[in-house]
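Chemist: This structure is in C-alpha cells; I'll ask about it shortly.
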Amino acid sequence: MNCILCKSNLIKGAVNHIVDLDGHIIIIKNVPANVCKQCGEYFIETDVAMKLEKIIEDVMKNKAEIFVVNYSETAA
Ligand SMILES: [Zn+2]
C-alpha cells in the first residue's frame, strides 16, 4: 500500500486521530494506522475506522466539548 498523496511507502504505526464534529473535538490517541514517512498523511484500516465510529458515538452521548480517549484502552 502506498500513500495516495506522494506515493511513498506506508509503514505501520500509531497516530493521534482528531475528530471535529458538531462543535465537539474528540482526540483519539494511539490509533493504529498506516503512516506515510514522507508527508505525514495516515490511513486507517476499515476495522479500526469502525471502532473509531463507535467510540465517537459514545463520546457524542457524553456531551463533552473536548474529549481525549486512548484507543488501546477502549478497543476490545
Ligand atoms: Zn505521503
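Residues are referred to by chain and number: the chain letter is A, B, ... according to the order shown in the C-alpha cells, the number counts from 1 in that chain, and ligands are numbered separately from 1 in the order shown.
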If you run DSSP on this backbone, which residues of chain A come out as helix (DSSP H, G or I), and could you give them as a VMD selection string?
Modeler: chain A and resid 46 to 62 71 to 74
Chemist: Restricting it to C-alpha atoms, dump the selection as an mmCIF file, in the first residue's frame.
Modeler:
data_model
loop_
_atom_site.group_PDB
_atom_site.id
_atom_site.type_symbol
_atom_site.label_atom_id
_atom_site.label_comp_id
_atom_site.auth_asym_id
_atom_site.auth_seq_id
_atom_site.Cartn_x
_atom_site.Cartn_y
_atom_site.Cartn_z
ATOM 1 C CA THR A 46 -11.701 -0.291 7.848
ATOM 2 C CA ASP A 47 -11.990 -2.362 11.034
ATOM 3 C CA VAL A 48 -10.178 0.320 13.017
ATOM 4 C CA ALA A 49 -12.356 3.038 11.443
ATOM 5 C CA MET A 50 -15.459 1.141 12.540
ATOM 6 C CA LYS A 51 -14.219 1.033 16.146
ATOM 7 C CA LEU A 52 -13.476 4.758 15.958
ATOM 8 C CA GLU A 53 -17.056 5.429 14.858
ATOM 9 C CA LYS A 54 -18.305 3.510 17.896
ATOM 10 C CA ILE A 55 -16.026 5.492 20.201
ATOM 11 C CA ILE A 56 -17.200 8.763 18.620
ATOM 12 C CA GLU A 57 -20.857 7.746 19.028
ATOM 13 C CA ASP A 58 -20.306 7.104 22.748
ATOM 14 C CA VAL A 59 -18.495 10.418 23.208
ATOM 15 C CA MET A 60 -21.282 12.341 21.453
ATOM 16 C CA LYS A 61 -23.736 10.962 24.033
ATOM 17 C CA ASN A 62 -21.441 12.368 26.704
ATOM 18 C CA TYR A 71 -7.682 3.777 21.522
ATOM 19 C CA SER A 72 -5.668 0.968 23.096
ATOM 20 C CA GLU A 73 -7.711 1.257 26.300
ATOM 21 C CA THR A 74 -11.114 1.219 24.584
#
Chemist: Write out as a short mmCIF file (atom, residue, chain, number, x, y, z; two decimals) with C-alpha atoms, in the first residue's frame the residues lying within 8 Å of range 40-45 of chain A, counting only C-alpha atoms and excluding same-chain residues fewer than 4 positions away.
Modeler:
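Dumped everything to around-v1.cif:
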data_model
loop_
_atom_site.label_atom_id
_atom_site.label_comp_id
_atom_site.auth_asym_id
_atom_site.auth_seq_id
_atom_site.Cartn_x
_atom_site.Cartn_y
_atom_site.Cartn_z
CA CYS A 3 0.41 6.98 0.04
CA LEU A 5 -0.69 11.88 -1.96
CA VAL A 15 -1.41 8.25 15.30
CA PRO A 32 -3.17 2.03 14.64
CA ALA A 33 -2.68 3.33 11.12
CA ASN A 34 -0.51 3.13 8.05
CA VAL A 35 1.64 6.23 8.20
CA CYS A 36 3.47 7.97 5.36
CA ALA A 49 -12.36 3.04 11.44
#
Chemist: Measuring between only C-alpha atoms and all ligand atoms, which one of A:Ile11, A:Cys39, A:Val31, A:Ile18 shows the shortest distance to ligand 1?
Modeler: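 Closest to ligand 1, using only C-alpha atoms and all ligand atoms: A:Cys39.
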Chemist: So which one's closest to ligand 1, A:Ile25, A:Met1, A:Asn16, A:Asn9? Using only C-alpha atoms and all ligand atoms, please.
Modeler: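 Smallest separation from ligand 1 among the options: A:Asn9.
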Chemist: Would you mind telling me which residue in A:Lys63, A:Val68, A:Gly13, A:Lys37 lies nearest to ligand 1 when using only C-alpha atoms and all ligand atoms?
Modeler: A:Lys37
Chemist: Taking into account only C-alpha atoms and all ligand atoms, which residue in the set A:Gln38, A:Ile66, A:Val19, A:His24 is nearest to ligand 1?
Modeler: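 When distances to ligand 1 are compared using only C-alpha atoms and all ligand atoms, the smallest one comes from A:Gln38.
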Chemist: Work out how far apart CA of Lys12 in chain A and CA of Asn30 in chain A are and give it in Å to one decimal.
Modeler: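 Separation between CA of Lys12 in chain A and CA of Asn30 in chain A: 11.8 Å.
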Chemist: If you run DSSP on the backbone here, which positions in chain A get strand (DSSP E)? Please write them as a compact mmCIF listing (two decimals) with N, CA and C atoms, in the first residue's frame.
Modeler:
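Listed below is the output, part-v1.txt:
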# COMPACT_ATOMS: atom_id res chain seq x y z
N LEU A 10 4.00 3.20 2.94
CA LEU A 10 3.40 3.44 4.25
C LEU A 10 3.95 2.42 5.23
N ILE A 11 4.14 2.85 6.45
CA ILE A 11 4.58 1.92 7.48
C ILE A 11 3.55 1.87 8.60
N LYS A 12 3.47 0.72 9.26
CA LYS A 12 2.54 0.56 10.38
C LYS A 12 2.99 1.42 11.55
N GLY A 13 2.03 2.13 12.12
CA GLY A 13 2.37 2.98 13.25
C GLY A 13 1.12 3.31 14.02
N ALA A 14 1.23 4.31 14.88
CA ALA A 14 0.07 4.77 15.65
C ALA A 14 0.00 6.29 15.55
N VAL A 15 -1.22 6.80 15.45
CA VAL A 15 -1.41 8.25 15.30
C VAL A 15 -2.42 8.76 16.32
N ASN A 16 -2.42 10.06 16.52
CA ASN A 16 -3.48 10.70 17.28
C ASN A 16 -4.50 11.22 16.28
N HIS A 17 -5.68 10.63 16.31
CA HIS A 17 -6.73 10.97 15.35
C HIS A 17 -7.65 12.01 15.98
N ILE A 18 -7.80 13.15 15.31
CA ILE A 18 -8.62 14.23 15.85
C ILE A 18 -9.87 14.40 15.02
N VAL A 19 -11.03 14.35 15.70
CA VAL A 19 -12.32 14.49 15.04
C VAL A 19 -12.96 15.78 15.51
N ASP A 20 -13.39 16.59 14.56
CA ASP A 20 -14.08 17.84 14.88
C ASP A 20 -15.49 17.71 14.34
N LEU A 21 -16.46 17.50 15.24
CA LEU A 21 -17.81 17.15 14.79
C LEU A 21 -18.85 17.89 15.62
N HIS A 24 -17.89 19.39 18.80
CA HIS A 24 -17.16 18.52 19.71
C HIS A 24 -15.79 18.23 19.10
N ILE A 25 -14.78 18.25 19.95
CA ILE A 25 -13.46 17.86 19.48
C ILE A 25 -13.07 16.60 20.23
N ILE A 26 -12.85 15.56 19.47
CA ILE A 26 -12.53 14.26 20.06
C ILE A 26 -11.12 13.87 19.61
N ILE A 27 -10.27 13.65 20.58
CA ILE A 27 -8.90 13.24 20.28
C ILE A 27 -8.75 11.78 20.68
N ILE A 28 -8.46 10.96 19.71
CA ILE A 28 -8.28 9.53 19.98
C ILE A 28 -6.81 9.21 19.79
N LYS A 29 -6.16 8.83 20.87
CA LYS A 29 -4.72 8.60 20.85
C LYS A 29 -4.39 7.15 20.55
N ASN A 30 -3.21 6.96 20.01
CA ASN A 30 -2.68 5.60 19.74
C ASN A 30 -3.55 4.78 18.79
N VAL A 31 -4.06 5.43 17.76
CA VAL A 31 -4.86 4.71 16.77
C VAL A 31 -3.90 4.03 15.78
N PRO A 32 -4.04 2.70 15.62
CA PRO A 32 -3.17 2.03 14.64
C PRO A 32 -3.50 2.49 13.23
N ALA A 33 -2.46 2.82 12.47
CA ALA A 33 -2.68 3.33 11.12
C ALA A 33 -1.45 3.04 10.27
N ASN A 34 -1.64 3.18 8.96
CA ASN A 34 -0.51 3.13 8.05
C ASN A 34 -0.07 4.56 7.81
N VAL A 35 1.16 4.85 8.19
CA VAL A 35 1.64 6.23 8.20
C VAL A 35 2.65 6.44 7.09
N CYS A 36 2.52 7.59 6.41
CA CYS A 36 3.47 7.97 5.36
C CYS A 36 4.62 8.75 6.01
N TYR A 42 -1.88 9.79 7.07
CA TYR A 42 -2.08 8.44 7.56
C TYR A 42 -3.41 7.87 7.09
N PHE A 43 -3.43 6.56 7.03
CA PHE A 43 -4.60 5.86 6.50
C PHE A 43 -5.03 4.80 7.51
N ILE A 66 -14.73 18.71 24.62
CA ILE A 66 -13.41 18.18 24.28
C ILE A 66 -13.23 16.86 25.02
N PHE A 67 -12.87 15.85 24.29
CA PHE A 67 -12.76 14.54 24.89
C PHE A 67 -11.50 13.86 24.36
N VAL A 68 -10.70 13.34 25.29
CA VAL A 68 -9.49 12.63 24.89
C VAL A 68 -9.64 11.18 25.32
N VAL A 69 -9.43 10.29 24.38
CA VAL A 69 -9.57 8.86 24.67
C VAL A 69 -8.39 8.11 24.07
N ASN A 70 -7.96 7.06 24.77
CA ASN A 70 -6.86 6.27 24.27
C ASN A 70 -7.41 5.02 23.58
